[in-house]
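Q: Data: query.tsv, TSV, C-alpha atoms.
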chain	number	residue	atom	x	y	z
S	771	MET	CA	-12.12	-15.88	1.76
S	772	ALA	CA	-13.30	-14.66	-1.65
S	773	LEU	CA	-10.58	-14.20	-4.29
S	774	PHE	CA	-11.26	-11.90	-7.26
S	775	GLY	CA	-7.88	-11.60	-8.98
S	776	LYS	CA	-4.13	-12.13	-8.86
S	777	LYS	CA	-3.57	-9.45	-6.20
S	778	ASP	CA	-6.13	-11.08	-3.91
S	779	GLU	CA	-4.42	-14.44	-4.35
S	780	GLU	CA	-1.02	-12.93	-3.56
S	781	HIS	CA	-2.43	-11.22	-0.48
S	782	ALA	CA	-3.96	-14.51	0.77
S	783	VAL	CA	-0.66	-16.38	0.23
S	784	ASN	CA	1.29	-13.69	2.09
S	785	LEU	CA	-1.20	-13.69	4.96
S	786	VAL	CA	-0.96	-17.47	5.35
S	787	TYR	CA	2.84	-17.23	5.24
S	788	GLN	CA	2.90	-14.54	7.94
S	789	GLN	CA	0.57	-16.47	10.26
S	790	LEU	CA	2.53	-19.71	9.90
S	791	ARG	CA	5.85	-17.92	10.36
S	792	LEU	CA	4.60	-16.28	13.56
S	793	ALA	CA	3.37	-19.64	14.88
S	794	ALA	CA	6.72	-21.26	14.08
S	795	ASP	CA	8.78	-18.42	15.59
S	796	ARG	CA	6.82	-18.55	18.83
S	797	ARG	CA	6.82	-22.36	18.99
S	798	ALA	CA	3.03	-22.39	19.07
S	799	ARG	CA	1.49	-25.77	19.85
S	800	PHE	CA	-0.11	-27.15	16.69
S	801	TYR	CA	-2.95	-29.69	16.73
S	802	VAL	CA	-3.93	-31.99	13.88
S	803	VAL	CA	-7.41	-33.44	14.51
S	804	VAL	CA	-8.25	-36.75	12.84
S	805	ARG	CA	-11.61	-38.51	12.90
S	806	THR	CA	-12.05	-42.28	12.95
S	807	ARG	CA	-14.85	-44.09	11.15
S	808	ASP	CA	-16.99	-44.17	14.30
S	809	GLY	CA	-16.83	-40.37	14.52
S	810	LYS	CA	-14.37	-40.24	17.42
S	811	GLN	CA	-11.81	-37.43	17.32
S	812	HIS	CA	-8.13	-37.58	18.18
S	813	SER	CA	-5.96	-34.48	18.67
S	814	LEU	CA	-2.33	-35.00	17.71
S	815	PRO	CA	-0.01	-32.29	19.09
S	816	GLY	CA	3.11	-31.05	17.33
S	817	LEU	CA	5.17	-28.07	16.27
S	818	ILE	CA	5.70	-26.47	12.86
S	819	GLU	CA	8.95	-27.85	11.43
S	820	SER	CA	8.87	-26.04	8.10
S	821	TYR	CA	6.51	-23.64	6.31
S	822	GLU	CA	8.85	-22.31	3.59
S	823	GLY	CA	8.12	-24.84	0.85
S	824	PRO	CA	4.94	-25.71	-1.02
S	825	THR	CA	3.79	-27.91	1.88
S	826	LEU	CA	3.64	-27.65	5.67
S	827	LEU	CA	5.73	-30.01	7.84
S	828	ILE	CA	4.62	-30.77	11.42
S	829	ASP	CA	7.03	-32.37	13.89
S	830	MET	CA	5.28	-34.71	16.32
S	831	SER	CA	6.77	-36.33	19.41
S	832	SER	CA	7.60	-40.03	19.73
S	833	GLY	CA	4.46	-40.52	21.81
S	834	VAL	CA	2.19	-39.80	18.81
S	835	ARG	CA	1.01	-42.73	16.71
S	836	LEU	CA	-0.42	-42.21	13.25
S	837	SER	CA	-0.82	-44.96	10.69
S	838	SER	CA	0.34	-44.45	7.11
S	839	ALA	CA	-3.26	-45.29	6.14
S	840	TRP	CA	-4.12	-41.68	7.03
S	841	ARG	CA	-2.34	-40.42	3.91
S	842	GLY	CA	-4.82	-38.55	1.74
S	843	GLN	CA	-7.28	-37.94	4.59
S	844	VAL	CA	-8.70	-34.47	5.27
S	845	VAL	CA	-7.95	-33.18	8.77
S	846	GLU	CA	-8.62	-30.07	10.85
S	847	CYS	CA	-5.67	-28.03	12.12
S	848	TYR	CA	-5.60	-25.60	15.04
S	849	PHE	CA	-2.98	-23.39	16.63
S	850	ARG	CA	-2.83	-20.46	19.04
S	851	ILE	CA	-0.53	-17.42	19.07
S	852	VAL	CA	0.06	-15.73	22.43
S	853	ALA	CA	1.34	-12.16	22.77
S	854	MET	CA	2.49	-10.90	26.19
S	855	ALA	CA	2.86	-7.16	25.47
S	856	PRO	CA	1.37	-4.68	26.07
S	857	GLN	CA	-0.95	-7.21	27.73
S	858	ARG	CA	-1.49	-10.91	27.33
S	859	THR	CA	-3.66	-11.74	24.32
S	860	GLU	CA	-4.48	-14.96	22.51
S	861	GLN	CA	-5.36	-15.47	18.86
S	862	HIS	CA	-6.79	-18.80	17.77
S	863	PHE	CA	-6.55	-20.02	14.18
S	864	MET	CA	-7.86	-23.00	12.24
S	865	PHE	CA	-7.86	-24.47	8.74
S	866	ALA	CA	-8.63	-27.69	6.91
S	867	SER	CA	-5.88	-29.60	5.15
S	868	ARG	CA	-4.96	-32.98	3.69
S	869	ILE	CA	-2.26	-35.36	4.91
S	870	LEU	CA	0.23	-35.85	2.07
S	871	ASP	CA	2.80	-38.00	3.83
S	872	ILE	CA	3.73	-39.49	7.21
S	873	ARG	CA	7.42	-40.13	7.83
S	874	ALA	CA	8.71	-41.99	10.88
S	875	LEU	CA	11.95	-40.69	12.45
S	876	SER	CA	13.97	-41.86	15.42
S	877	THR	CA	12.61	-38.88	17.36
S	878	GLY	CA	8.98	-39.19	16.29
S	879	LEU	CA	6.91	-38.37	13.20
S	880	ILE	CA	6.97	-35.76	10.47
S	881	VAL	CA	3.49	-35.15	9.05
S	882	GLU	CA	3.37	-33.37	5.70
S	883	LEU	CA	0.23	-31.31	5.05
S	884	GLU	CA	-1.14	-29.33	2.15
S	885	LYS	CA	-0.48	-25.66	2.77
S	886	PRO	CA	-3.87	-23.94	3.20
S	887	ALA	CA	-5.13	-21.26	0.85
S	888	ALA	CA	-6.50	-19.34	3.84
S	889	ILE	CA	-6.43	-19.51	7.64
S	890	GLU	CA	-9.50	-18.54	9.65
S	891	SER	CA	-9.91	-17.24	13.18
S	892	GLY	CA	-11.45	-19.82	15.47
S	893	GLN	CA	-10.80	-22.67	17.88
S	894	ARG	CA	-12.17	-26.05	18.75
S	895	ARG	CA	-15.06	-25.81	21.16
S	896	ARG	CA	-13.78	-28.75	23.15
S	897	SER	CA	-10.21	-27.39	23.31
S	898	VAL	CA	-11.04	-24.38	25.51
S	899	ARG	CA	-9.91	-25.50	28.96
S	900	VAL	CA	-10.29	-23.72	32.31
S	901	ARG	CA	-9.13	-24.31	35.86
S	902	PRO	CA	-12.24	-23.45	37.87
S	903	VAL	CA	-11.98	-22.03	41.37
S	904	PRO	CA	-13.12	-24.66	43.92
S	905	GLU	CA	-16.24	-22.68	44.79
S	906	LEU	CA	-17.65	-23.44	41.33
S	907	VAL	CA	-17.34	-27.22	41.77
S	908	GLY	CA	-20.24	-28.48	43.84
S	909	LEU	CA	-19.52	-32.16	43.26
S	910	LEU	CA	-17.25	-34.45	41.30
S	911	GLU	CA	-18.07	-38.12	41.71
S	912	VAL	CA	-16.27	-40.81	39.71
S	913	ARG	CA	-17.14	-44.52	39.62
S	914	ARG	CA	-15.89	-47.47	37.59
S	915	ASP	CA	-18.11	-48.10	34.56
S	916	GLN	CA	-20.00	-51.39	34.86
S	917	SER	CA	-22.84	-50.79	32.41
S	918	PRO	CA	-23.32	-51.31	28.64
S	919	ASP	CA	-23.28	-48.29	26.35
S	920	ASP	CA	-26.22	-49.37	24.22
S	921	GLY	CA	-28.90	-49.84	26.85
S	922	PRO	CA	-30.74	-47.78	29.49
S	923	LEU	CA	-29.47	-47.72	33.06
S	924	SER	CA	-31.35	-47.15	36.30
S	925	LEU	CA	-29.92	-44.34	38.42
S	926	THR	CA	-30.16	-46.50	41.51
S	927	ALA	CA	-27.74	-49.00	39.93
S	928	LEU	CA	-24.97	-46.38	39.99
S	929	ASP	CA	-24.78	-46.50	43.78
S	930	GLY	CA	-23.43	-50.05	43.50
S	931	TYR	CA	-20.53	-49.03	41.26
S	932	GLN	CA	-17.09	-48.76	42.82
S	933	ARG	CA	-16.23	-45.18	43.78
S	934	ILE	CA	-12.93	-43.55	42.85
S	935	THR	CA	-11.63	-41.51	45.78
S	936	GLY	CA	-9.65	-38.30	45.95
S	937	VAL	CA	-7.07	-37.10	48.44
S	938	ALA	CA	-7.68	-34.93	51.47
S	939	VAL	CA	-6.27	-31.40	51.54
S	940	GLN	CA	-3.32	-31.91	53.87
S	941	ASN	CA	-2.59	-28.31	54.84
S	942	PRO	CA	-5.23	-27.01	57.32
S	943	LEU	CA	-4.55	-23.47	56.04
S	944	GLU	CA	-5.92	-24.61	52.65
S	945	SER	CA	-9.23	-25.81	54.03
S	946	ASP	CA	-11.04	-22.83	52.52
S	947	THR	CA	-9.91	-23.92	49.05
S	948	ALA	CA	-11.23	-27.47	49.25
S	949	PRO	CA	-14.05	-28.35	46.86
S	950	ALA	CA	-17.46	-27.54	48.28
S	951	GLN	CA	-19.47	-30.67	49.08
S	952	VAL	CA	-23.05	-30.15	47.91
S	953	PRO	CA	-25.58	-32.87	48.79
S	954	ALA	CA	-27.48	-34.24	45.82
S	955	SER	CA	-30.79	-33.47	47.47
S	956	ALA	CA	-29.88	-29.77	47.69
S	957	THR	CA	-28.95	-29.44	44.02
S	958	SER	CA	-31.30	-28.62	41.18
S	959	ALA	CA	-31.69	-30.62	37.99
S	960	THR	CA	-29.29	-30.34	35.10
S	961	SER	CA	-29.44	-26.98	33.32
S	962	GLY	CA	-30.84	-27.35	29.85
S	963	GLN	CA	-32.75	-30.57	30.56
S	964	SER	CA	-36.50	-30.92	30.64
S	965	PRO	CA	-38.06	-29.77	33.96
S	966	ALA	CA	-39.63	-33.23	34.25
S	967	GLN	CA	-36.21	-34.80	34.68
S	968	PRO	CA	-35.23	-35.38	38.31
S	969	PRO	CA	-31.81	-34.51	39.69
S	970	VAL	CA	-29.33	-37.37	39.79
S	971	GLN	CA	-29.63	-39.16	43.12
S	972	SER	CA	-26.48	-40.53	44.69
S	973	ALA	CA	-25.29	-41.94	47.96
S	974	SER	CA	-23.56	-39.30	50.05
S	975	SER	CA	-19.80	-39.63	50.44
S	976	PRO	CA	-18.31	-40.44	53.86
S	977	ALA	CA	-16.21	-37.68	55.37
S	978	SER	CA	-13.17	-40.00	55.27
S	979	ASP	CA	-13.68	-40.60	51.56
S	980	PRO	CA	-12.89	-37.31	49.77
S	981	GLN	CA	-14.07	-36.71	46.23
S	982	PRO	CA	-11.61	-36.27	43.34
S	983	TRP	CA	-10.28	-32.75	42.82
S	984	LEU	CA	-11.23	-31.08	39.53
S	985	ALA	CA	-7.94	-29.69	38.15
S	986	ASP	CA	-9.23	-28.48	34.78
S	987	ILE	CA	-12.09	-29.11	32.38
S	988	SER	CA	-13.11	-28.58	28.76
S	989	ALA	CA	-16.14	-29.59	26.71
S	990	GLY	CA	-14.29	-32.75	25.69
S	991	GLY	CA	-12.87	-33.97	28.99
S	992	LEU	CA	-11.37	-33.13	32.37
S	993	ARG	CA	-8.34	-33.73	34.57
S	994	ALA	CA	-8.92	-34.92	38.13
S	995	CYS	CA	-6.62	-35.58	41.05
S	996	VAL	CA	-7.33	-38.94	42.70
S	997	ALA	CA	-5.76	-41.11	45.38
S	998	PRO	CA	-2.65	-42.95	44.09
S	999	ARG	CA	-4.36	-46.34	44.33
S	1000	ALA	CA	-7.84	-45.12	43.38
S	1001	GLY	CA	-9.82	-47.81	41.63
S	1002	GLU	CA	-8.41	-50.79	43.49
S	1003	GLY	CA	-10.80	-53.53	44.44
S	1004	GLY	CA	-11.17	-57.21	43.70
S	1005	GLU	CA	-9.25	-57.97	40.53
S	1006	LYS	CA	-9.19	-54.32	39.47
S	1007	GLY	CA	-5.98	-52.37	39.95
S	1008	PRO	CA	-5.61	-48.58	40.06
S	1009	LEU	CA	-7.07	-46.51	37.23
S	1010	THR	CA	-4.96	-46.73	34.09
S	1011	ARG	CA	-5.22	-45.72	30.45
S	1012	GLY	CA	-8.22	-47.22	28.71
S	1013	ASP	CA	-10.28	-47.73	31.88
S	1014	ARG	CA	-13.90	-46.54	31.68
S	1015	VAL	CA	-15.67	-44.53	34.39
S	1016	VAL	CA	-19.05	-42.95	35.05
S	1017	LEU	CA	-18.78	-39.45	36.46
S	1018	ARG	CA	-21.21	-36.95	37.81
S	1019	ALA	CA	-20.37	-33.26	38.15
S	1020	ILE	CA	-22.30	-30.36	39.62
S	1021	LEU	CA	-20.91	-27.05	38.38
S	1022	HIS	CA	-22.00	-23.63	39.62
S	1023	TRP	CA	-22.20	-20.72	37.17
S	1024	PRO	CA	-20.06	-17.64	37.87
S	1025	GLY	CA	-22.11	-15.16	39.88
S	1026	GLY	CA	-24.95	-17.69	40.24
S	1027	ALA	CA	-26.35	-16.62	36.87
S	1028	HIS	CA	-28.18	-19.92	36.30
S	1029	GLN	CA	-29.15	-23.09	38.10
S	1030	PRO	CA	-26.15	-25.36	38.73
S	1031	LEU	CA	-25.16	-27.61	35.85
S	1032	ASP	CA	-25.70	-31.27	36.80
S	1033	VAL	CA	-24.19	-33.72	34.30
S	1034	LEU	CA	-23.80	-37.49	34.15
S	1035	LEU	CA	-21.18	-38.77	31.72
S	1036	LYS	CA	-19.21	-41.82	30.69
S	1037	ALA	CA	-15.50	-41.23	30.14
S	1038	GLU	CA	-12.28	-43.06	29.35
S	1039	VAL	CA	-8.95	-42.59	31.10
S	1040	SER	CA	-6.70	-41.08	28.41
S	1041	THR	CA	-3.71	-40.18	30.59
S	1042	ARG	CA	-2.38	-41.03	34.04
S	1043	MET	CA	0.37	-38.87	35.47
S	1044	HIS	CA	2.90	-39.69	38.17
S	1045	THR	CA	2.16	-36.51	40.11
S	1046	GLY	CA	-1.01	-34.73	41.12
S	1047	SER	CA	-2.52	-31.28	41.49
S	1048	LEU	CA	-2.76	-31.96	45.24
S	1049	PRO	CA	0.00	-33.37	47.47
S	1050	GLY	CA	-0.25	-37.14	47.74
S	1051	GLY	CA	-2.44	-37.56	44.65
S	1052	VAL	CA	-2.08	-38.41	40.97
S	1053	ASP	CA	-3.81	-36.71	38.03
S	1054	VAL	CA	-5.84	-38.66	35.48
S	1055	GLY	CA	-7.19	-37.26	32.22
S	1056	LEU	CA	-10.72	-38.32	31.30
S	1057	GLU	CA	-12.16	-38.04	27.79
S	1058	PHE	CA	-15.96	-37.79	27.58
S	1059	LEU	CA	-17.53	-40.61	25.56
S	1060	PHE	CA	-21.27	-40.60	26.38
S	1061	ASP	CA	-23.66	-38.00	27.75
S	1062	GLY	CA	-26.33	-39.37	30.10
S	1063	LYS	CA	-29.90	-38.27	29.37
S	1064	ILE	CA	-32.27	-38.91	32.29
S	1065	ASP	CA	-36.00	-39.44	31.89
S	1066	ALA	CA	-38.80	-38.89	34.40
S	1067	ASP	CA	-38.56	-42.52	35.57
S	1068	GLY	CA	-34.93	-42.19	36.56
S	1069	MET	CA	-33.59	-44.15	33.60
S	1070	VAL	CA	-30.41	-43.05	31.82
S	1071	ALA	CA	-29.90	-43.30	28.06
S	1072	TRP	CA	-26.34	-42.79	26.80
S	1073	VAL	CA	-25.80	-40.46	23.82
S	1074	PRO	CA	-22.35	-40.55	22.12
S	1075	VAL	CA	-20.27	-37.39	22.50
S	1076	ARG	CA	-19.17	-36.21	19.05
S	1077	ASP	CA	-17.50	-32.82	19.54
S	1078	GLY	CA	-17.68	-32.16	23.24
S	1079	VAL	CA	-20.64	-31.69	25.58
S	1080	TYR	CA	-22.42	-28.47	24.59
S	1081	ARG	CA	-23.69	-27.68	28.12
S	1082	ILE	CA	-20.17	-27.95	29.50
S	1083	ALA	CA	-18.85	-25.85	26.60
S	1084	GLN	CA	-21.26	-23.08	27.62
S	1085	TRP	CA	-20.17	-23.31	31.26
S	1086	VAL	CA	-16.47	-23.33	30.36
S	1087	ASN	CA	-16.95	-20.27	28.17
S	1088	ALA	CA	-18.77	-18.44	30.98
S	1089	VAL	CA	-15.95	-19.22	33.42
S	1090	TYR	CA	-13.33	-18.11	30.89
S	1091	MET	CA	-15.14	-14.84	30.11
S	1092	GLU	CA	-15.49	-14.07	33.83
S	1093	TYR	CA	-11.75	-14.64	34.24
S	1094	MET	CA	-10.95	-12.33	31.32
S	1095	ARG	CA	-13.30	-9.67	32.71
S	1096	LYS	CA	-11.40	-9.70	36.02
S	1097	VAL	CA	-8.03	-9.61	34.25
S	1098	ARG	CA	-9.02	-6.55	32.21
S	1099	ALA	CA	-10.33	-4.82	35.35
S	1100	GLN	CA	-6.99	-5.12	37.12
Please re-express this file's structure in structure tokens.

A:
Amino acid sequence: MALFGKKDEEHAVNLVYQQLRLAADRRARFYVVVRTRDGKQHSLPGLIESYEGPTLLIDMSSGVRLSSAWRGQVVECYFRIVAMAPQRTEQHFMFASRILDIRALSTGLIVELEKPAAIESGQRRRSVRVRPVPELVGLLEVRRDQSPDDGPLSLTALDGYQRITGVAVQNPLESDTAPAQVPASATSATSGQSPAQPPVQSASSPASDPQPWLADISAGGLRACVAPRAGEGGEKGPLTRGDRVVLRAILHWPGGAHQPLDVLLKAEVSTRMHTGSLPGGVDVGLEFLFDGKIDADGMVAWVPVRDGVYRIAQWVNAVYMEYMRKVRAQ
């Protein structure tokens, strides 16, 4: 925002105040995004505690950990304001700030930030999350990660990795909503990759071994419903936080606008819930770490994910826009 005089400065200050007040009044979820030295991002959720003074105070829950070493670091901040009348609308805002102080309380943390000079419209690409209808999910296959991150991997080696199973849809009346099982041989190569790259080959899943259910997805990760003891085998227990997996997803574009998106990714279990999106299952949150690039010889090279997977971001946006189009048409 360009400022040309005192009136412009006063207008900018008032606009920031109004936006922060609205976010506080509506208890808008506030995200502070920090970056570690290796480029990995962490989103820390909270609520605006105070915006009246010269600084901005963010109240974070007891589950958030943030070292005092982050004082003085520049961070990115995001929040969303939702209005329900006359129809549901969302406004996304973002700004850069600096951490001034981190105070530990019995109930959690208070993070003190510099109050921004201006707030811009925008949102994190990886934060846009959708719940796709089952017809758009051709395949979701999850296996325990058994390969190094810094070396190539043969596609055939993936078939030997331990599969993570889902849960069967228990209500026969819901059979039409189960994820569509698309054989690998019937699916085209990943959208956006070179035509010389072959589709990912994989062993077909037994009928008694259902695939995980895709609950929601963003450019930065997904949530899947798996069997309660998924991941057991040998000395390995069920999937838990910090476990690494290799996943393959085949995602169909709304209206069949493009060839299906076929992605191979490495991910880390960031959350494990006690309940699941399907009866009898549990939900696990997976954060994307590496994007698999496949060459003509069927070898996979792993590229670190910095700010989400762009191909998935495009797909998520297409699904979201199709949803909004249908909402407006109602």

Q: So how many Å separate atom CA of Asp919 of chain S and atom CA of Lys1063 of chain S, to one decimal?

A: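 Interatomic distance, atom CA of Asp919 of chain S to atom CA of Lys1063 of chain S: 12.4 Å.
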
Q: Mind pulling up the distance from atom CA of Ala1083 of chain S to atom CA of Ile818 of chain S?

A: 28.1 Å

Q: May I ask for the distance between atom CA of Tyr1090 of chain S and atom CA of His1028 of chain S, given in Å to one decimal place?

A: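 Distance between the two atoms: 15.9 Å.
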
Q: Which one of S:Ala938, S:Val1089, S:Leu836, S:Ala994 sits closest to Gly1050 of chain S if you count only C-alpha atoms?

A: S:Ala938

Q: Can you write out as CSV which residues of segment 855-927 of chain S fall within 9 Å of segment 1013-1018 of chain S, alongside each residue's closest atom pair and its distance in Å to one decimal, counting all atoms listed in the file and ordering rows by chain and ascending residue number?

A:
residue,atom,partner,partner_atom,distance
S:Leu909,CA,S:Arg1018,CA,7.5
S:Leu910,CA,S:Arg1018,CA,5.8
S:Glu911,CA,S:Arg1018,CA,5.1
S:Val912,CA,S:Leu1017,CA,4.3
S:Arg913,CA,S:Val1016,CA,5.2
S:Arg914,CA,S:Val1015,CA,4.4
S:Asp915,CA,S:Val1015,CA,4.3
S:Gln916,CA,S:Val1015,CA,8.1

Q: Starting from the point (-0.4, -15.9, 5.9), work out which residues of protein, DNA or RNA have an atom no more than 12 Å away when counting all atoms listed in the file; state them as a PyMOL selection string.

A: chain S and resi 779-793+821-822+863+865+885-890

Q: Taking all atoms listed in the file into account, which of S:Ser1047, S:Ser831, S:Gln1029, S:Thr926 comes nearest Gly878 of chain S?

A: S:Ser831

Q: Might you pull out every residue within 9 Å of His812 of chain S, with all atoms listed in the file counted and same-chain residues fewer than 3 positions away left off, and present them as a ChimeraX atom specification?

A: /S:802-806

Q: Compare S:Arg899, S:Glu860, S:Glu819, S:Ser917 by their minimum atom-to-atom distance to Glu882 of chain S, counting all atoms listed in the file, and give me the closest one.

A: S:Glu819

Q: Need the shell around Ala927 of chain S: protein/DNA/RNA residues with any atom at most 10 Å away, counting all atoms listed in the file. Skip same-chain ones fewer than 3 positions apart. Format as a list in words?

A: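 Near neighbours after the sequence-gap exclusion: Gln916, Ser917, Leu923, Ser924, Gly930, Tyr931, Ser972 and Met1069 of chain S.
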
Q: Measuring between all atoms listed in the file, which one of S:Ser988, S:Gln1084, S:Gln861, S:Gln932 shows the shortest distance to Arg901 of chain S?

A: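 Comparing S:Ser988, S:Gln1084, S:Gln861, S:Gln932 against Arg901 of chain S, the winner is S:Ser988.
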
Q: Can you work out which one of S:Leu814, S:Cys847, S:Met854, S:Leu906 has the shortest atom-to-atom distance to Ile880 of chain S, counting all atoms listed in the file?

A: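 Among the listed residues, S:Leu814 lies closest to Ile880 of chain S.
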
Q: Write out as a ChimeraX atom specification each polymer residue whose atoms come within 9 Å of Phe849 of chain S, counting all atoms listed in the file; drop sequence neighbours fewer than 6 positions from it.

A: /S:793,798-801,861-864,893

Q: Nearest to Ile1064 of chain S: which of S:Gly936, S:Pro922, S:Asp929, S:Pro1024 is it, counting all atoms listed in the file?

A: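 For Ile1064 of chain S, the nearest of the given residues is S:Pro922.
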